[in-house]
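Asker: Below is one structure. I have some questions about it.
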Amino acid sequence: MKLSERLARLGTETAFEVLVRARALEAQGKSVIHLEIGEPDFDTPSHITDAAIEALKGGATHYGPSAGLPELRQAVAEDSTARRGVRSTPEMVVVTPGGKPVMFYVILALIDPGDEVLYPNPGFPIYESMIRYIGGVPVPVRLLEERGYALDVEQLIDKIGHRTRLIILNYPHNPTGGIIPEPGLRAIADAAVRHGVPVLADEIYSRILYEGRHVSIAAMPGMEPLAIVLDGFSKTYAMTGWRLGYGIMPAPLAQVVAKLQTNATSCTASFTQLAGVKALRGEQSAVEAMVAEFRQRRDVIVDGLRQTPGFKCPRPQGAFYVFPNITGTGFSAKPLADRLLDEAGVACLSGTAFGEWGEGHLRFSYANSLENIREALRRIKTCLAM
Ligand SMILES: Cc1ncc(COP(=O)(O)O)c(C=O)c1O
């Protein structure tokens with residue numbers, strides 16, 4: 001079968017490949033601690049699961065509108081208005097199966113071949129994959145490790161040119177857990193408004209924040225016609241397998257994105273959307289408890305990695321990842337990640353899985369128990385001492 005030429009430009013998410021390798025080792029009887037995959041290890045809170053069961057029994061088993069059920073669009077708009085301090089309306093919301101399709105649809109909707117897109121590198125690998133796939137030109141922007149992996153805002157602004165059609169931001173950031181401090185967001189917003197460039201703000205980790213409150217670029221002056229926010233339920237409510245996310249964007253773009261969804265999946269499953277309403281409107285204490293637990297794990301893993309010879313590890317402000325610099329070990333990132341999996345039974349990702357500027361780093365997801373994190377740290381130290 002002859003594959004399309006553009007397929008050669010499609011990238012992937014290495015986390016899923018490493019997970020397969022780790023599982024194969026486990027099948028051979030080896031013990032593996034999973035610090036590679038980016039999903040909360042908690043169960044979805046039971047009141048949300050109960051809402052889905054009730055919805056199923058109540059007959060929410062049919063097609064729904066492509067943009068999402070009105071109840072959920074309304075709940076998302078209210079939640080976003082309250083949390084981001086910017087007026088969102090249901091017409092601006094498109095509900096999608098996970099947050100990821102928002103990237104796909106928005107890039108499809110806005111980018112023609114040759115158009116430039118600015119995005120963080122290292123960063124979530126699907127940004128670059130989608131930009132290339134569509135025929136756009138990826139323009140990477142560095143992160144400043146010495147400033148807790150904040151995006152290099154000056155560099156980003158310098159790179160905005162007459163072909164720039166989209167800026168992608170992600171805060172808190174995967175793979176580093178870094179944020180973009182408010183003055184930086186303001187400067188980016190000013191530049192985006194000056195040049196009339198839309199901004200896709202991936203805020204999927206906006207509720208997993210350890211210091212301060214979440215500030216969205218969507219709330220900055222002049223951003224109303226340019227801001228596209230990606231968020232969802234996967235990380236906040238431990239609902240990765242449910243596939244439920246959303247985008248919030250100017251209403252005319254929301255209509256286009258809904259049309260793309262009509263072409264791709266028709267709509268998001270109805271009963272999961274009703275569970276989403278419950279998640280947003282119901283009790284939030286499970287989210288707070290999860291974040292408190294993540295904070296404790298963050299401190300254990302950061303302190304442990306800082307005591308590991310050759311590692312330097314900033315303390316991240318959000319998400320559930322650490323991104324230590326491992327250049328002091330003398331290894332490159334991929335060989336070290338492979339060695340830790342094969343010899344120590346610790347699965348993690350090479351920084352290069354997030355772009356070429358991720359070299360010299362590893363990503364550990366601390367969405368695992370404190371006991372397992374402590375054991376992983378012990379194994380890493382032993383392996384490096386060999
Ligand atoms: C930065 C970032 N954006 C989006 C997503 C996608 O989330 P979802 O599982 O809701 O599609 C992820 C998942 O890992 C992520 O890390």
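Here, A, B, ... name the chains of the structure tokens in the order displayed, residue numbers run from 1 inside each chain, and ligands are numbered from 1 in the same displayed order.
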As a VMD selection string, which residues of region 52-153 of chain A does DSSP assign to alpha helix (DSSP H)?

Answerer: chain A and resid 52 to 57 70 to 84 100 to 110 125 to 134 153

Asker: May I have the residues within 12 Å of Glu17 (chain A) as an NGL selection string, using only C-alpha atoms and disregarding those fewer than 2 positions away in the same chain?

Answerer: :A and (12-15 or 19-24 or 36-37 or 347-350 or 353)

Asker: Nearest residue to ligand 1 out of A:Ala192, A:Met249, A:Val291, A:Leu230, using only C-alpha atoms and all ligand atoms?

Answerer: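 Among A:Ala192, A:Met249, A:Val291, A:Leu230, it is A:Leu230 that comes nearest to ligand 1.
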
Asker: Could you list, as a tab-separated table (two decimals) with N, CA, C and O atoms, in the first residue's frame, all the residues within 6 Å of ligand 1, counting only C-alpha atoms and all ligand atoms?

Answerer:
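Writing the result to selection18.tsv gives the following:
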chain	number	residue	atom	x	y	z
A	38	GLY	N	2.32	10.21	31.14
A	38	GLY	CA	1.81	11.45	31.74
A	38	GLY	C	0.35	11.37	32.11
A	38	GLY	O	-0.48	12.06	31.53
A	98	GLY	N	-10.91	14.43	24.38
A	98	GLY	CA	-9.59	14.76	24.90
A	98	GLY	C	-9.22	16.17	24.45
A	98	GLY	O	-9.85	16.73	23.54
A	99	GLY	N	-8.19	16.72	25.10
A	99	GLY	CA	-7.75	18.07	24.72
A	99	GLY	C	-6.97	18.06	23.41
A	99	GLY	O	-6.92	19.04	22.68
A	100	LYS	N	-6.34	16.92	23.11
A	100	LYS	CA	-5.43	16.84	21.97
A	100	LYS	C	-6.06	17.24	20.63
A	100	LYS	O	-5.43	17.94	19.84
A	124	PHE	N	5.55	19.67	24.10
A	124	PHE	CA	4.69	18.52	23.78
A	124	PHE	C	4.90	18.17	22.30
A	124	PHE	O	4.73	19.03	21.43
A	174	ASN	N	4.59	20.84	29.83
A	174	ASN	CA	5.08	19.48	29.65
A	174	ASN	C	6.21	19.58	28.64
A	174	ASN	O	5.97	20.10	27.55
A	202	ASP	N	-2.16	26.20	25.59
A	202	ASP	CA	-2.46	24.86	26.09
A	202	ASP	C	-2.39	24.92	27.62
A	202	ASP	O	-1.31	24.95	28.20
A	204	ILE	N	-3.84	22.68	29.75
A	204	ILE	CA	-4.37	21.41	30.26
A	204	ILE	C	-3.93	21.15	31.70
A	204	ILE	O	-4.59	20.43	32.44
A	232	GLY	N	-9.10	20.63	29.56
A	232	GLY	CA	-9.85	19.38	29.53
A	232	GLY	C	-9.90	18.71	30.88
A	232	GLY	O	-9.51	19.29	31.89
A	234	SER	N	-8.72	15.38	31.44
A	234	SER	CA	-7.79	14.25	31.59
A	234	SER	C	-6.93	14.35	32.84
A	234	SER	O	-6.83	13.40	33.61
A	240	THR	N	-8.02	10.50	31.94
A	240	THR	CA	-7.32	10.36	30.65
A	240	THR	C	-8.02	9.41	29.69
A	240	THR	O	-8.11	9.67	28.50
A	245	GLY	N	-12.17	16.72	26.48
A	245	GLY	CA	-11.46	17.99	26.57
A	245	GLY	C	-12.25	19.06	25.85
A	245	GLY	O	-13.37	18.81	25.39

Asker: In Å, how far is it from CA of Glu371 (chain A) to CA of Thr329 (chain A)?

Answerer: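 Between these atoms lies a distance of 24.9 Å.
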
Asker: Select, from A:Arg379, A:His34, A:His173, A:Arg363, the residue with the minimum atom-to-atom distance to Glu203 (chain A), counting only C-alpha atoms.

Answerer: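 Of all the options, A:His173 lies closest to Glu203 (chain A).
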
Asker: Just the strand (DSSP E or B) stuff from region 68-314 of chain A, please, per backbone DSSP, written as a VMD selection string.

Answerer: chain A and resid 93 to 96 116 to 120 137 to 141 143 to 144 150 to 151 164 to 170 199 to 202 209 227 to 232 245 to 248 312

Asker: Please determine, counting only C-alpha atoms, which residue among A:Gly136, A:Ala187, A:Val346, A:Leu274 has the shortest atom-to-atom distance to Thr61 (chain A).

Answerer: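 Of the candidates, the smallest distance to Thr61 (chain A) is held by A:Leu274.
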
Asker: Would you give me, as a tab-separated table, each residue of region 89-195 of chain A having an atom within 12 Å of an atom of region 305-314 of chain A, along with its shortest atom pair and that distance in Å to one decimal, using only C-alpha atoms and sorting by chain and residue number?

Answerer:
residue	atom	partner	partner_atom	distance
A:Leu144	CA	A:Pro314	CA	11.1
A:Glu145	CA	A:Pro314	CA	7.8
A:Glu146	CA	A:Pro314	CA	8.1
A:Arg147	CA	A:Pro314	CA	8.7
A:Gly148	CA	A:Pro314	CA	5.9
A:Tyr149	CA	A:Pro314	CA	8.2
A:Ala150	CA	A:Pro314	CA	11.3
A:Thr176	CA	A:Pro314	CA	8.9
A:Gly177	CA	A:Pro314	CA	9.4
A:Gly178	CA	A:Pro314	CA	9.1

Asker: List the neighbours of Ile107 (chain A) out to 10 Å using only C-alpha atoms; skip same-chain residues closer than 3 positions along the sequence, and give me the result as a VMD selection string.

Answerer: chain A and resid 101 to 104 110 to 112 117 127 130 to 131 133 to 134 136 165 to 166 168 200 257

Asker: Using only C-alpha atoms for the distances, tell me which of A:Phe364, A:Ala109, A:Val141, A:Leu244 is nearest to Pro122 (chain A).

Answerer: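 For Pro122 (chain A), the nearest of the candidates is A:Val141.
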
Asker: Leaving out Val95 (chain A) and any residue of its chain fewer than 6 positions from it, which residues lie within 8 Å of it when counting only C-alpha atoms, given as a list of chain:residue names?

Answerer: A:Ser66, A:Ala67, A:Gly68, A:Leu69, A:Leu72, A:Arg73, A:Leu244, A:Gly245, A:Tyr246, A:Gly247, A:Thr268

Asker: Considering only C-alpha atoms, state which residue in the set A:Val193, A:Val137, A:Met223, A:Val277 is at the smallest distance from Arg87 (chain A).

Answerer: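 Going through A:Val193, A:Val137, A:Met223, A:Val277 one by one, the smallest distance to Arg87 (chain A) is for A:Met223.
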
Asker: Neighbouring residues of Gly276 (chain A) were defined as those with any atom within 8 Å, considering only C-alpha atoms; residues of the same chain fewer than 2 positions away were excluded. Please report them as a PyMOL selection string.

Answerer: chain A and resi 48+72+233+244+272-274+278-280

Asker: Take the residues from that selection and put them in a file with all heavy atoms, as a tab-separated table (two decimals), in the first residue's frame.

Answerer:
chain	number	residue	atom	x	y	z
A	48	ILE	N	-18.13	11.47	39.70
A	48	ILE	CA	-18.08	11.69	38.24
A	48	ILE	C	-18.43	10.38	37.52
A	48	ILE	O	-19.23	10.36	36.57
A	48	ILE	CB	-16.69	12.21	37.81
A	48	ILE	CG1	-16.37	13.52	38.56
A	48	ILE	CG2	-16.62	12.40	36.30
A	48	ILE	CD1	-14.97	14.08	38.30
A	72	LEU	N	-22.80	21.10	28.73
A	72	LEU	CA	-21.37	21.11	29.02
A	72	LEU	C	-20.73	22.40	28.49
A	72	LEU	O	-19.85	22.97	29.15
A	72	LEU	CB	-20.67	19.88	28.44
A	72	LEU	CG	-19.18	19.79	28.78
A	72	LEU	CD1	-18.92	19.85	30.29
A	72	LEU	CD2	-18.54	18.52	28.22
A	233	PHE	N	-10.35	17.50	30.88
A	233	PHE	CA	-10.64	16.76	32.10
A	233	PHE	C	-9.57	15.72	32.44
A	233	PHE	O	-9.53	15.21	33.55
A	233	PHE	CB	-12.01	16.07	31.96
A	233	PHE	CG	-13.13	17.06	31.79
A	233	PHE	CD1	-13.37	17.67	30.57
A	233	PHE	CD2	-13.92	17.42	32.87
A	233	PHE	CE1	-14.39	18.61	30.42
A	233	PHE	CE2	-14.93	18.36	32.73
A	233	PHE	CZ	-15.17	18.96	31.50
A	244	LEU	N	-12.01	13.38	27.09
A	244	LEU	CA	-12.91	14.54	27.21
A	244	LEU	C	-12.07	15.80	27.43
A	244	LEU	O	-11.35	15.92	28.41
A	244	LEU	CB	-13.88	14.33	28.38
A	244	LEU	CG	-14.99	15.35	28.53
A	244	LEU	CD1	-15.90	15.38	27.32
A	244	LEU	CD2	-15.83	15.07	29.78
A	272	THR	N	-20.12	10.80	28.52
A	272	THR	CA	-18.90	11.36	29.13
A	272	THR	C	-19.06	12.87	29.30
A	272	THR	O	-18.58	13.45	30.28
A	272	THR	CB	-17.64	11.07	28.31
A	272	THR	OG1	-17.82	11.59	27.01
A	272	THR	CG2	-17.33	9.61	28.21
A	273	GLN	N	-19.76	13.50	28.37
A	273	GLN	CA	-19.97	14.95	28.50
A	273	GLN	C	-20.83	15.28	29.72
A	273	GLN	O	-20.58	16.25	30.43
A	273	GLN	CB	-20.64	15.51	27.24
A	273	GLN	CG	-19.74	15.45	26.01
A	273	GLN	CD	-20.32	16.26	24.87
A	273	GLN	OE1	-20.51	17.46	24.98
A	273	GLN	NE2	-20.61	15.60	23.75
A	274	LEU	N	-21.84	14.44	29.96
A	274	LEU	CA	-22.69	14.70	31.14
A	274	LEU	C	-21.89	14.47	32.43
A	274	LEU	O	-22.07	15.19	33.41
A	274	LEU	CB	-23.94	13.82	31.09
A	274	LEU	CG	-24.91	14.23	29.95
A	274	LEU	CD1	-26.06	13.25	29.82
A	274	LEU	CD2	-25.45	15.64	30.15
A	278	LYS	N	-20.84	17.22	35.66
A	278	LYS	CA	-20.75	16.90	37.10
A	278	LYS	C	-19.35	17.25	37.63
A	278	LYS	O	-19.21	17.78	38.74
A	278	LYS	CB	-21.03	15.40	37.30
A	278	LYS	CG	-21.10	14.97	38.72
A	278	LYS	CD	-22.37	15.49	39.37
A	278	LYS	CE	-22.48	15.09	40.81
A	278	LYS	NZ	-23.74	15.54	41.38
A	279	ALA	N	-18.33	16.92	36.83
A	279	ALA	CA	-16.95	17.22	37.27
A	279	ALA	C	-16.79	18.71	37.54
A	279	ALA	O	-16.26	19.11	38.58
A	279	ALA	CB	-15.95	16.74	36.21
A	280	LEU	N	-17.26	19.54	36.62
A	280	LEU	CA	-17.06	20.99	36.76
A	280	LEU	C	-17.94	21.59	37.86
A	280	LEU	O	-17.51	22.50	38.56
A	280	LEU	CB	-17.36	21.70	35.43
A	280	LEU	CG	-16.34	21.46	34.31
A	280	LEU	CD1	-16.80	22.15	33.03
A	280	LEU	CD2	-14.95	21.96	34.70

Asker: From the list A:Ala251, A:Val215, A:Gly330, A:Gly282, which residue is nearest Ile180 (chain A) when using only C-alpha atoms?

Answerer: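 For Ile180 (chain A), the nearest of the candidates is A:Val215.
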
Asker: Do a neighbour search on region 372-376 of chain A at 10 Å with only C-alpha atoms, toss out local chain neighbours closer than 4 positions, and write the hits as a list in words.

Answerer: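 Result of the neighbour search: Val32, Ile33, His34, Leu35, Arg297, Arg298, Val300, Ile301, Gly304, Leu340, Ala344, Gly345, Val346, Ala347, Phe364, Ser365, Tyr366, Ala367, Asn368, Ile380, Lys381 and Thr382 of chain A.
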